[in-house]
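Below is run.txt, holding compact mmCIF, C-alpha atoms.
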# COMPACT_ATOMS: atom_id res chain seq x y z
CA MET V 1 -9.59 76.94 -79.89
CA ARG V 2 -9.36 77.47 -76.20
CA PRO V 3 -8.16 73.98 -75.13
CA THR V 4 -5.45 74.02 -77.83
CA ARG V 5 -4.16 77.33 -76.52
CA THR V 6 -3.92 75.91 -73.00
CA VAL V 7 -2.06 72.85 -74.24
CA GLU V 8 0.36 74.97 -76.18
CA PHE V 9 0.87 77.33 -73.30
CA SER V 10 1.67 74.63 -70.75
CA THR V 11 3.88 72.79 -73.23
CA GLY V 12 5.77 75.98 -73.91
CA LEU V 13 6.11 76.56 -70.20
CA PHE V 14 7.45 73.03 -69.77
CA VAL V 15 10.01 73.39 -72.57
CA LEU V 16 11.16 76.78 -71.32
CA LEU V 17 11.49 75.42 -67.79
CA GLY V 18 13.60 72.56 -69.17
CA PHE V 19 15.95 74.92 -70.95
CA ALA V 20 16.12 77.18 -67.92
CA ALA V 21 17.15 74.17 -65.84
CA LEU V 22 19.79 73.22 -68.40
CA PHE V 23 21.08 76.79 -68.42
CA PHE V 24 21.23 76.74 -64.64
CA LEU V 25 23.21 73.49 -64.65
CA VAL V 26 25.66 74.65 -67.29
CA THR V 27 26.33 78.06 -65.83
CA GLN V 28 25.95 77.58 -62.08
CA ILE V 29 27.12 74.05 -61.40
CA THR V 30 30.03 73.63 -63.77
CA ASN V 31 33.29 75.44 -63.96
CA ARG V 32 33.73 76.99 -67.38
CA GLU V 33 35.67 80.12 -66.64
CA LEU V 34 38.53 79.18 -68.96
CA SER V 35 37.02 76.90 -71.53
CA THR V 36 35.02 79.80 -72.93
CA GLY V 37 37.93 82.21 -72.69
CA GLY V 38 39.08 81.42 -76.20
CA LYS V 39 42.76 82.04 -76.75
CA SER V 40 45.36 80.13 -74.84
CA TYR V 41 48.88 78.82 -75.26
CA GLU V 42 50.47 75.53 -74.32
CA VAL V 43 53.50 74.96 -72.13
CA MET V 44 54.89 71.68 -70.84
CA ALA V 45 56.89 70.40 -67.92
CA LEU V 46 58.59 67.12 -67.01
CA PHE V 47 57.98 65.68 -63.59
CA GLU V 48 59.56 62.70 -61.81
CA ASN V 49 56.27 61.95 -60.13
CA ILE V 50 52.90 63.57 -60.68
CA GLY V 51 51.04 61.80 -57.88
CA SER V 52 47.35 61.73 -58.76
CA LEU V 53 47.28 64.78 -61.04
CA LYS V 54 44.52 64.48 -63.64
CA PRO V 55 43.89 66.15 -66.99
CA GLY V 56 41.63 69.15 -66.36
CA ALA V 57 43.32 70.01 -63.08
CA ALA V 58 43.88 73.69 -62.43
CA VAL V 59 47.13 75.53 -63.08
CA SER V 60 47.29 78.40 -60.66
CA MET V 61 49.52 81.31 -59.77
CA ALA V 62 49.18 82.79 -56.31
CA GLY V 63 45.97 80.82 -55.97
CA VAL V 64 44.39 82.27 -59.11
CA THR V 65 43.53 79.73 -61.81
CA VAL V 66 45.37 80.73 -64.99
CA GLY V 67 45.02 77.49 -66.97
CA ARG V 68 44.25 73.80 -67.03
CA VAL V 69 46.23 70.60 -67.46
CA GLN V 70 45.65 69.44 -71.02
CA THR V 71 47.26 66.01 -71.28
CA ILE V 72 49.53 63.82 -69.20
CA GLY V 73 51.94 61.51 -70.98
CA TYR V 74 55.04 59.50 -70.23
CA ASP V 75 58.45 60.04 -71.79
CA GLN V 76 60.15 56.67 -72.23
CA GLN V 77 63.58 58.19 -72.92
CA GLN V 78 63.81 60.24 -69.76
CA TYR V 79 61.44 58.15 -67.62
CA LYS V 80 59.46 61.20 -66.67
CA ALA V 81 55.85 62.30 -66.81
CA VAL V 82 55.09 64.88 -69.50
CA VAL V 83 52.45 67.35 -68.41
CA ARG V 84 51.07 69.72 -71.05
CA MET V 85 49.01 72.62 -69.80
CA ARG V 86 47.00 75.33 -71.49
CA ILE V 87 47.46 78.77 -70.06
CA ASN V 88 44.93 81.49 -70.80
CA SER V 89 46.43 84.07 -73.16
CA GLN V 90 45.65 86.94 -70.85
CA PHE V 91 48.32 85.59 -68.49
CA ASP V 92 51.26 86.07 -70.86
CA ARG V 93 53.77 87.51 -68.42
CA ILE V 94 54.97 84.37 -66.68
CA PRO V 95 58.81 84.54 -66.41
CA LYS V 96 60.74 81.78 -68.18
CA ASP V 97 62.47 80.61 -65.02
CA SER V 98 59.23 80.15 -63.07
CA ASP V 99 58.88 76.96 -61.15
CA ALA V 100 55.96 74.53 -61.36
CA SER V 101 55.09 72.34 -58.43
CA ILE V 102 52.31 69.85 -57.88
CA MET V 103 50.28 70.70 -54.82
CA THR V 104 47.22 69.36 -53.07
CA SER V 105 44.21 71.50 -52.27
CA GLY V 106 42.77 70.60 -48.92
CA LEU V 107 42.79 67.21 -47.28
CA LEU V 108 40.38 65.56 -49.69
CA GLY V 109 40.90 67.95 -52.58
CA GLY V 110 42.46 67.12 -55.90
CA GLN V 111 45.96 68.02 -57.00
CA TYR V 112 46.83 71.08 -59.05
CA ILE V 113 49.90 72.75 -60.47
CA GLY V 114 51.08 75.85 -58.72
CA ILE V 115 53.41 78.20 -60.61
CA THR V 116 55.75 80.42 -58.65
CA PRO V 117 57.08 83.23 -60.82
CA GLY V 118 60.83 83.55 -61.29
CA GLY V 119 62.83 86.66 -62.01
CA ALA V 120 63.66 86.40 -65.71
CA GLU V 121 62.92 89.17 -68.16
CA GLU V 122 61.72 86.73 -70.81
CA PHE V 123 58.25 85.29 -70.59
CA LEU V 124 56.85 81.85 -71.35
CA LYS V 125 55.23 81.42 -74.74
CA GLY V 126 53.52 78.58 -76.61
CA GLY V 127 55.55 75.34 -76.74
CA ASP V 128 57.99 76.35 -74.00
CA ARG V 129 59.10 74.03 -71.26
CA ILE V 130 59.11 74.92 -67.58
CA GLU V 131 62.56 73.78 -66.38
CA PHE V 132 62.19 74.07 -62.64
CA VAL V 133 59.71 71.60 -61.24
CA GLN V 134 58.85 70.14 -57.90
CA ASP V 135 57.25 66.73 -57.78
CA ALA V 136 54.07 65.65 -56.12
CA PHE V 137 54.22 65.14 -52.42
CA VAL V 138 53.96 61.39 -51.90
CA LEU V 139 52.98 60.55 -48.38
CA GLU V 140 54.61 57.11 -48.37
CA ASN V 141 58.04 58.54 -49.25
CA LEU V 142 57.77 61.05 -46.45
CA ILE V 143 56.78 58.39 -43.92
CA ASN V 144 59.65 56.20 -45.06
CA GLN V 145 62.10 59.07 -44.64
CA LEU V 146 60.70 59.91 -41.24
CA ALA V 147 60.83 56.32 -40.10
CA SER V 148 64.41 55.83 -41.26
CA THR V 149 65.49 59.11 -39.62
CA PHE V 150 64.00 58.10 -36.29
CA LEU V 151 65.40 54.62 -36.58
CA ARG V 152 68.89 55.97 -37.15
CA ARG V 153 68.64 58.44 -34.27
CA ASP V 154 67.29 55.78 -32.00
CA GLN V 155 70.12 53.44 -32.76
CA GLY V 156 72.72 56.20 -32.44
CA ASN V 157 71.53 57.54 -29.08
CA ALA V 158 70.48 54.46 -27.19
CA PRO V 159 72.20 51.39 -28.51
CA ASP V 160 71.69 49.47 -25.25
CA ASN V 161 68.01 50.32 -24.89
CA SER V 162 66.11 47.07 -25.12
CA GLN V 163 62.96 48.85 -26.30
CA GLY V 164 64.69 50.54 -29.22
CA GLY V 165 62.81 48.59 -31.86
CA GLN V 166 59.44 49.69 -30.58
CA GLY V 167 60.57 53.18 -29.85
CA ALA V 168 61.25 53.67 -33.53
CA ASN V 169 57.57 53.27 -34.15
CA GLN V 170 55.93 55.17 -31.34
CA GLY V 171 57.81 56.88 -28.58
CA SER V 172 60.82 58.22 -30.41
CA GLN V 173 59.64 61.83 -30.53
CA GLN V 174 60.59 62.16 -26.88
CA PRO V 175 64.26 62.72 -26.24
CA PRO V 176 65.87 59.54 -24.96
CA ALA V 177 66.87 61.27 -21.72
CA GLU V 178 63.23 61.32 -20.57
CA GLU V 179 62.78 57.63 -21.04
CA PRO V 180 62.51 55.79 -17.78
CA LYS V 181 65.72 53.92 -17.05
CA LYS V 182 65.54 50.84 -14.93
CA MET Y 1 12.88 16.86 -71.09
CA HIS Y 2 9.74 18.83 -70.52
CA PHE Y 3 11.71 21.37 -68.57
CA LEU Y 4 14.25 21.77 -71.37
CA ARG Y 5 11.51 22.31 -73.92
CA GLU Y 6 9.95 24.99 -71.75
CA LEU Y 7 13.31 26.68 -71.37
CA TRP Y 8 13.85 26.60 -75.13
CA ASP Y 9 10.38 28.01 -75.69
CA ASN Y 10 11.08 30.83 -73.27
CA VAL Y 11 14.40 31.67 -74.91
CA ARG Y 12 12.79 31.65 -78.33
CA GLU Y 13 9.97 33.81 -77.05
CA PHE Y 14 12.47 36.30 -75.65
CA VAL Y 15 14.50 36.47 -78.86
CA THR Y 16 11.30 36.88 -80.86
CA THR Y 17 10.20 39.76 -78.65
CA VAL Y 18 13.56 41.50 -78.99
CA GLY Y 19 13.34 41.13 -82.76
CA ALA Y 20 9.76 42.39 -82.83
CA VAL Y 21 10.67 45.45 -80.74
CA ALA Y 22 13.64 46.18 -83.02
CA LEU Y 23 11.49 45.95 -86.16
CA PHE Y 24 8.84 48.09 -84.50
CA PHE Y 25 11.51 50.63 -83.61
CA GLY Y 26 12.56 50.73 -87.26
CA ARG Y 27 8.98 51.35 -88.37
CA VAL Y 28 8.55 54.13 -85.83
CA LEU Y 29 11.80 55.77 -86.97
CA ALA Y 30 10.69 55.53 -90.59
CA GLN Y 31 7.48 57.39 -89.75
CA LEU Y 32 9.14 59.90 -87.46
CA PRO Y 33 10.07 62.56 -90.05
CA ARG Y 34 6.53 62.61 -91.41
CA ALA Y 35 5.11 62.80 -87.90
CA LEU Y 36 7.31 65.82 -87.21
CA LEU Y 37 5.75 67.51 -90.23
CA ARG Y 38 2.61 67.83 -88.14
CA PRO Y 39 3.99 69.52 -85.04
CA SER Y 40 0.62 70.05 -83.42
CA LEU Y 41 0.29 66.31 -82.79
CA VAL Y 42 3.78 66.15 -81.29
CA VAL Y 43 3.18 69.24 -79.16
CA GLU Y 44 0.07 67.62 -77.76
CA GLN Y 45 2.09 64.55 -76.81
CA VAL Y 46 4.91 66.60 -75.28
CA HIS Y 47 2.17 68.17 -73.20
CA ASN Y 48 0.75 64.77 -72.21
CA THR Y 49 4.04 63.10 -71.33
CA GLY Y 50 6.07 66.10 -70.24
CA ALA Y 51 4.04 68.99 -68.93
CA LEU Y 52 1.62 66.74 -67.05
CA SER Y 53 4.53 64.85 -65.41
CA LEU Y 54 6.12 68.10 -64.29
CA VAL Y 55 4.59 68.30 -60.83
CA ILE Y 56 5.47 64.74 -59.84
CA ILE Y 57 9.00 65.12 -61.27
CA MET Y 58 9.61 68.34 -59.37
CA THR Y 59 8.21 67.01 -56.10
CA CYS Y 60 10.27 63.83 -56.31
CA GLY Y 61 13.37 65.77 -57.35
CA LEU Y 62 13.06 68.03 -54.35
CA PHE Y 63 12.69 65.14 -51.92
CA VAL Y 64 15.44 63.02 -53.48
CA GLY Y 65 17.75 66.02 -53.17
CA MET Y 66 16.73 66.65 -49.57
CA VAL Y 67 17.27 63.02 -48.58
CA LEU Y 68 20.65 63.16 -50.27
CA GLY Y 69 21.40 66.31 -48.26
CA LEU Y 70 20.47 64.59 -44.99
CA THR Y 71 22.37 61.36 -45.52
CA GLY Y 72 25.28 63.08 -47.24
CA TYR Y 73 25.66 65.57 -44.41
CA ASP Y 74 25.42 62.85 -41.78
CA LEU Y 75 28.09 60.82 -43.55
CA LEU Y 76 30.46 63.69 -44.36
CA GLN Y 77 30.36 65.38 -40.96
CA ARG Y 78 31.84 62.20 -39.47
CA PHE Y 79 34.96 62.97 -41.48
CA GLY Y 80 34.72 66.69 -40.85
CA SER Y 81 34.30 67.54 -44.53
CA GLU Y 82 30.75 68.87 -44.71
CA GLU Y 83 31.77 71.27 -47.48
CA ALA Y 84 32.14 68.31 -49.85
CA LEU Y 85 28.35 67.93 -49.65
CA GLY Y 86 27.97 70.17 -52.68
CA THR Y 87 30.26 67.97 -54.75
CA ALA Y 88 28.82 64.70 -53.53
CA GLY Y 89 25.22 65.75 -53.90
CA ALA Y 90 25.63 67.36 -57.30
CA LEU Y 91 27.55 64.45 -58.80
CA ALA Y 92 25.10 61.89 -57.42
CA VAL Y 93 22.08 63.78 -58.74
CA VAL Y 94 23.58 64.79 -62.09
CA LYS Y 95 25.09 61.45 -63.05
CA GLU Y 96 22.90 58.77 -61.47
CA LEU Y 97 19.84 59.68 -59.48
CA GLY Y 98 18.55 62.35 -61.85
CA PRO Y 99 18.28 60.30 -65.04
CA VAL Y 100 17.36 57.00 -63.36
CA VAL Y 101 14.66 58.26 -61.00
CA THR Y 102 13.24 60.46 -63.74
CA ALA Y 103 13.07 57.45 -66.08
CA LEU Y 104 11.34 55.33 -63.42
CA LEU Y 105 8.80 58.09 -62.73
CA PHE Y 106 8.41 58.69 -66.46
CA ALA Y 107 7.63 55.00 -67.00
CA GLY Y 108 5.13 55.09 -64.15
CA ARG Y 109 3.42 58.34 -65.09
CA ALA Y 110 3.75 58.76 -68.86
CA GLY Y 111 4.62 55.24 -70.02
CA THR Y 112 1.52 53.68 -68.50
CA ALA Y 113 -0.65 56.45 -69.89
CA LEU Y 114 0.73 55.86 -73.39
CA ALA Y 115 0.43 52.08 -73.20
CA SER Y 116 -3.11 52.03 -71.86
CA GLU Y 117 -4.26 54.74 -74.27
CA ILE Y 118 -2.92 52.92 -77.31
CA GLY Y 119 -4.02 49.55 -75.93
CA LEU Y 120 -7.53 50.88 -75.47
CA MET Y 121 -7.50 52.23 -79.02
CA ARG Y 122 -6.55 48.74 -80.12
CA ALA Y 123 -9.24 47.12 -77.96
CA THR Y 124 -11.96 49.45 -79.24
CA ASP Y 125 -10.86 48.92 -82.86
CA GLN Y 126 -9.89 52.56 -83.35
CA LEU Y 127 -6.57 51.56 -84.88
CA THR Y 128 -8.31 49.18 -87.29
CA ALA Y 129 -10.77 51.92 -88.20
CA MET Y 130 -7.88 54.25 -89.03
CA GLU Y 131 -6.33 51.63 -91.26
CA MET Y 132 -9.64 51.26 -93.07
CA MET Y 133 -9.68 54.99 -93.68
CA ALA Y 134 -6.16 54.69 -95.13
CA VAL Y 135 -4.67 56.55 -92.18
CA ASP Y 136 -1.52 54.86 -91.02
CA PRO Y 137 -1.84 54.50 -87.22
CA MET Y 138 1.95 54.27 -87.00
CA ARG Y 139 2.15 57.80 -88.39
CA ARG Y 140 -0.97 59.28 -86.79
CA VAL Y 141 -0.83 57.65 -83.34
CA ILE Y 142 2.46 55.89 -82.58
CA ALA Y 143 5.16 58.16 -84.00
CA PRO Y 144 3.90 61.42 -82.41
CA ARG Y 145 3.61 59.72 -79.02
CA PHE Y 146 7.09 58.29 -79.33
CA ALA Y 147 8.49 61.67 -80.41
CA GLY Y 148 6.72 63.41 -77.56
CA GLY Y 149 8.23 61.03 -75.02
CA VAL Y 150 11.72 61.34 -76.50
CA ILE Y 151 11.54 65.14 -76.42
CA ALA Y 152 10.04 65.34 -72.94
CA MET Y 153 12.35 62.93 -71.13
CA PRO Y 154 15.67 64.86 -71.34
CA LEU Y 155 13.87 68.05 -70.34
CA LEU Y 156 12.30 66.31 -67.36
CA THR Y 157 15.73 64.92 -66.42
CA VAL Y 158 17.34 68.36 -66.44
CA ILE Y 159 14.49 69.83 -64.39
CA PHE Y 160 14.78 66.96 -61.92
CA ILE Y 161 18.52 67.54 -61.58
CA ALA Y 162 18.16 71.28 -61.02
CA ILE Y 163 15.43 70.80 -58.40
CA GLY Y 164 17.43 67.98 -56.80
CA ILE Y 165 20.49 70.18 -56.36
CA PHE Y 166 18.23 72.85 -54.91
CA GLY Y 167 16.99 70.20 -52.45
CA VAL Y 168 20.54 69.28 -51.43
CA GLN Y 169 21.28 72.96 -50.93
CA LEU Y 170 18.06 73.41 -48.93
CA VAL Y 171 19.01 70.80 -46.36
CA GLY Y 172 22.77 71.33 -46.41
CA VAL Y 173 23.03 75.11 -46.43
CA GLN Y 174 19.72 76.25 -44.95
CA GLN Y 175 19.20 73.59 -42.29
CA PHE Y 176 22.67 72.33 -41.38
CA LYS Y 177 24.45 75.65 -42.04
CA VAL Y 178 27.12 74.29 -44.33
CA ASP Y 179 29.06 77.29 -45.58
CA ALA Y 180 27.27 78.35 -48.75
CA ALA Y 181 30.34 79.72 -50.52
CA SER Y 182 32.42 76.56 -50.15
CA PHE Y 183 29.36 74.41 -50.91
CA TRP Y 184 28.94 76.06 -54.30
CA SER Y 185 32.59 76.58 -55.12
CA GLN Y 186 33.52 72.96 -54.38
CA MET Y 187 30.58 71.85 -56.50
CA ARG Y 188 31.66 74.13 -59.32
CA SER Y 189 35.26 73.03 -59.28
CA SER Y 190 34.48 69.33 -59.41
CA VAL Y 191 31.43 69.09 -61.68
CA GLY Y 192 32.42 69.40 -65.32
CA MET Y 193 30.59 69.83 -68.56
CA ASP Y 194 31.08 66.11 -69.27
CA ASP Y 195 29.17 65.20 -66.11
CA ILE Y 196 26.19 67.26 -67.24
CA MET Y 197 26.46 65.71 -70.69
CA GLU Y 198 26.45 62.25 -69.13
CA GLY Y 199 23.20 63.06 -67.33
CA VAL Y 200 21.57 64.48 -70.47
CA VAL Y 201 22.71 61.57 -72.67
CA LYS Y 202 21.34 59.12 -70.14
CA GLY Y 203 18.07 61.05 -70.09
CA CYS Y 204 17.82 60.83 -73.90
CA VAL Y 205 18.61 57.10 -73.99
CA PHE Y 206 16.14 56.31 -71.21
CA GLY Y 207 13.57 58.47 -72.98
CA VAL Y 208 13.92 56.47 -76.20
CA ALA Y 209 13.83 53.15 -74.32
CA CYS Y 210 10.85 53.94 -72.09
CA SER Y 211 8.79 55.55 -74.88
CA LEU Y 212 9.52 52.67 -77.23
CA ILE Y 213 8.49 50.06 -74.65
CA ALA Y 214 5.31 51.96 -73.86
CA VAL Y 215 4.11 52.40 -77.45
CA TYR Y 216 5.15 48.84 -78.37
CA GLU Y 217 3.29 47.29 -75.45
CA GLY Y 218 0.21 49.38 -76.18
CA TYR Y 219 0.29 48.66 -79.90
CA THR Y 220 0.67 44.88 -79.46
CA ALA Y 221 -1.70 44.59 -76.49
CA THR Y 222 -4.31 41.84 -76.56
CA PRO Y 223 -7.52 43.71 -77.45
CA THR Y 224 -9.32 42.93 -74.21
CA ALA Y 225 -9.66 44.74 -70.91
CA GLU Y 226 -7.32 42.23 -69.33
CA GLY Y 227 -4.85 42.57 -72.19
CA VAL Y 228 -4.67 46.34 -71.79
CA GLY Y 229 -4.09 45.94 -68.06
CA ARG Y 230 -1.32 43.44 -68.67
CA ALA Y 231 0.31 45.69 -71.27
CA THR Y 232 0.35 48.55 -68.77
CA THR Y 233 1.96 46.39 -66.10
CA ARG Y 234 4.54 45.05 -68.52
CA THR Y 235 5.38 48.60 -69.60
CA VAL Y 236 6.34 49.62 -66.08
CA VAL Y 237 8.23 46.44 -65.28
CA ILE Y 238 10.19 46.25 -68.53
CA SER Y 239 10.94 49.98 -68.56
CA ALA Y 240 12.26 49.88 -65.00
CA VAL Y 241 14.47 46.84 -65.57
CA LEU Y 242 15.72 48.13 -68.91
CA THR Y 243 16.48 51.54 -67.41
CA LEU Y 244 18.66 50.05 -64.69
CA ILE Y 245 20.49 47.73 -67.10
CA LEU Y 246 21.06 50.56 -69.58
CA ASP Y 247 22.23 52.74 -66.73
CA TYR Y 248 24.95 50.26 -65.86
CA ILE Y 249 26.07 50.02 -69.48
CA LEU Y 250 26.07 53.79 -70.01
CA THR Y 251 27.92 54.42 -66.76
CA ALA Y 252 30.54 51.84 -67.69
CA ILE Y 253 30.99 53.47 -71.11
CA MET Y 254 31.16 57.07 -69.92
CA LEU Y 255 33.06 56.63 -66.66
Let me see the file written as structure tokens.
Amino acid sequence: MRPTRTVEFSTGLFVLLGFAALFFLVTQITNRELSTGGKSYEVMALFENIGSLKPGAAVSMAGVTVGRVQTIGYDQQQYKAVVRMRINSQFDRIPKDSDASIMTSGLLGGQYIGITPGGAEEFLKGGDRIEFVQDAFVLENLINQLASTFLRRDQGNAPDNSQGGQGANQGSQQPPAEEPKK
Amino acid sequence: MHFLRELWDNVREFVTTVGAVALFFGRVLAQLPRALLRPSLVVEQVHNTGALSLVIIMTCGLFVGMVLGLTGYDLLQRFGSEEALGTAGALAVVKELGPVVTALLFAGRAGTALASEIGLMRATDQLTAMEMMAVDPMRRVIAPRFAGGVIAMPLLTVIFIAIGIFGVQLVGVQQFKVDAASFWSQMRSSVGMDDIMEGVVKGCVFGVACSLIAVYEGYTATPTAEGVGRATTRTVVISAVLTLILDYILTAIML
């Protein structure tokens, strides 16, 4: 009888340890604060450009996560991205004229939707659409804008400068007056 | 001409083996419900394959996690994003290293034990004796061992993962002073339930594959001392190769 008891004891210990490890992984490693919350409602928004937003990304207000992005689709009539998000039911006082913008958390972090509350008396409910949106910040567009601005200024201020072409790329932050004139 | 014939023979041999393993798998599955009716046999095998592998799994998990912490920290601090160590380490351990290393260790520790035990039973005519006593060795010997391996492997995988993450944390937070709060919160925000599921599913699949290879090789071993030795070697080699191939397939499916 004794060896059987030992076998059963250590097997039980092993199985319990396994489930304890699984419990640790599920509760400590993953982020389940909203998936267990139960009730939620769905709102949607149309964006010109969602950048690299993914389903499951956070929807936050003032930095507090209030929901998650459910699905991302594409509307062929309006040529816009359709983002559906689930908001936890406990956050049911989001004004109708709130604005949703796609933001980036940190330098390497993923993108999320930040909601800035508006001033309306009516609140968002299931199936509503957020009208005011701000698209994802696309770095290439910004660089293009910057480059074209500098190029224009360069050409306007120093048309006879022979180094104007290069200055558009590097040295154009300095005012032209400081450039050495020969 | 001779070369072609040899190639053909090899191909035919391979296809035959695959077919034999598949048929064997079917026979084991057919006996599985009846084997589970006698839980004491299965418990004994869970003890043999699981509980006895626990120490080696935990030690290796700790060191794999610590190495991951060292290399991950070294790599990430070059980009000034040490806090991402939690994310990087957890995802690497949960999705890849955990299941694969556990399966390799499982094949080395439990698979060889199964194969040589069954092979030795075959070599000493114990299996034949059982058949003569109208005891089906598939039900009495093979199915409980297979079930034990299949039950133990996912549990070992989860334990390995938990210890591995502890190892990453040990090196990252305790030694290199990565901020503990951002370490854990970044890990939490980027590891999802589906990642854990991927690790557990991989553990289950590898468990089935490694246990099946082990009991098959033992059962079909040539009943000599040399044959048992060869069966043990083949168990480790085939299990390791199969684990890595299956890992690629599973990762491609679940990515």
task: Could the residues of chain Y within 10 Å of chain V, counting all atoms listed in the file, be given as a ChimeraX atom specification, please?
output: /Y:40,43-54,81,84,86-87,90-91,94,151-163,165,184-197,200
request  = Identify, on the basis of all atoms listed in the file, every residue whose closest approach to Glu117 of chain Y does not exceed 10 Å; exclude the query and any residue fewer than 5 positions from it along the same chain; express the result as a ChimeraX atom specification.
outcome  = /Y:111-112,122-123,214-215,218-219,228,232
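Between atom CA of Val69 of chain V and atom CA of Glu131 of chain V lies a distance of 16.7 Å.
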- Message: Report as a ChimeraX atom specification all protein, DNA and RNA residues lying within 9 Å of Val67 of chain Y, evaluated on only C-alpha atoms, omitting residues in the same chain fewer than 6 positions from it.
- Response: /Y:167-168,171
Edge lengths and centre in Å, axis-aligned, segment 91-108 of chain Y plus 3 Å each side, as JSON:
{"center_x": 16.3, "center_y": 59.9, "center_z": -62.2, "size_x": 28.4, "size_y": 15.8, "size_z": 15.6}
Margin query: To one decimal place in Å, what is the distance between atom CA of Phe166 of chain Y and atom CA of Phe63 of chain Y?
Written below: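 Interatomic distance, atom CA of Phe166 of chain Y to atom CA of Phe63 of chain Y: 10.0 Å.
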Self-check item: Pairwise distance for atom CA of Tyr41 of chain V and atom CA of Gln77 of chain V, rounded to one decimal in Å
Solution: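 One can read the atom CA of Tyr41 of chain V to atom CA of Gln77 of chain V distance as 25.4 Å.
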Just the residues within 12 Å of Met254 of chain Y, please, counting only C-alpha atoms, with nothing from its chain fewer than 2 positions along; format it as JSON, numbers by chain.
-> {"Y": [95, 96, 194, 195, 196, 197, 198, 199, 201, 202, 247, 248, 249, 250, 251, 252]}
Pick from Y:Leu246, Y:Ala231, Y:Ala240, Y:Cys60, whichever lies nearest to Ala113 of chain Y using all atoms listed in the file =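 Residue with the minimum atom-to-atom distance to Ala113 of chain Y: Y:Ala231.
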Using all atoms listed in the file, the shortest atom-to-atom distance to Arg145 of chain Y among Y:Val21, Y:Met58, Y:Val28, Y:Met121 belongs to Y:Val28
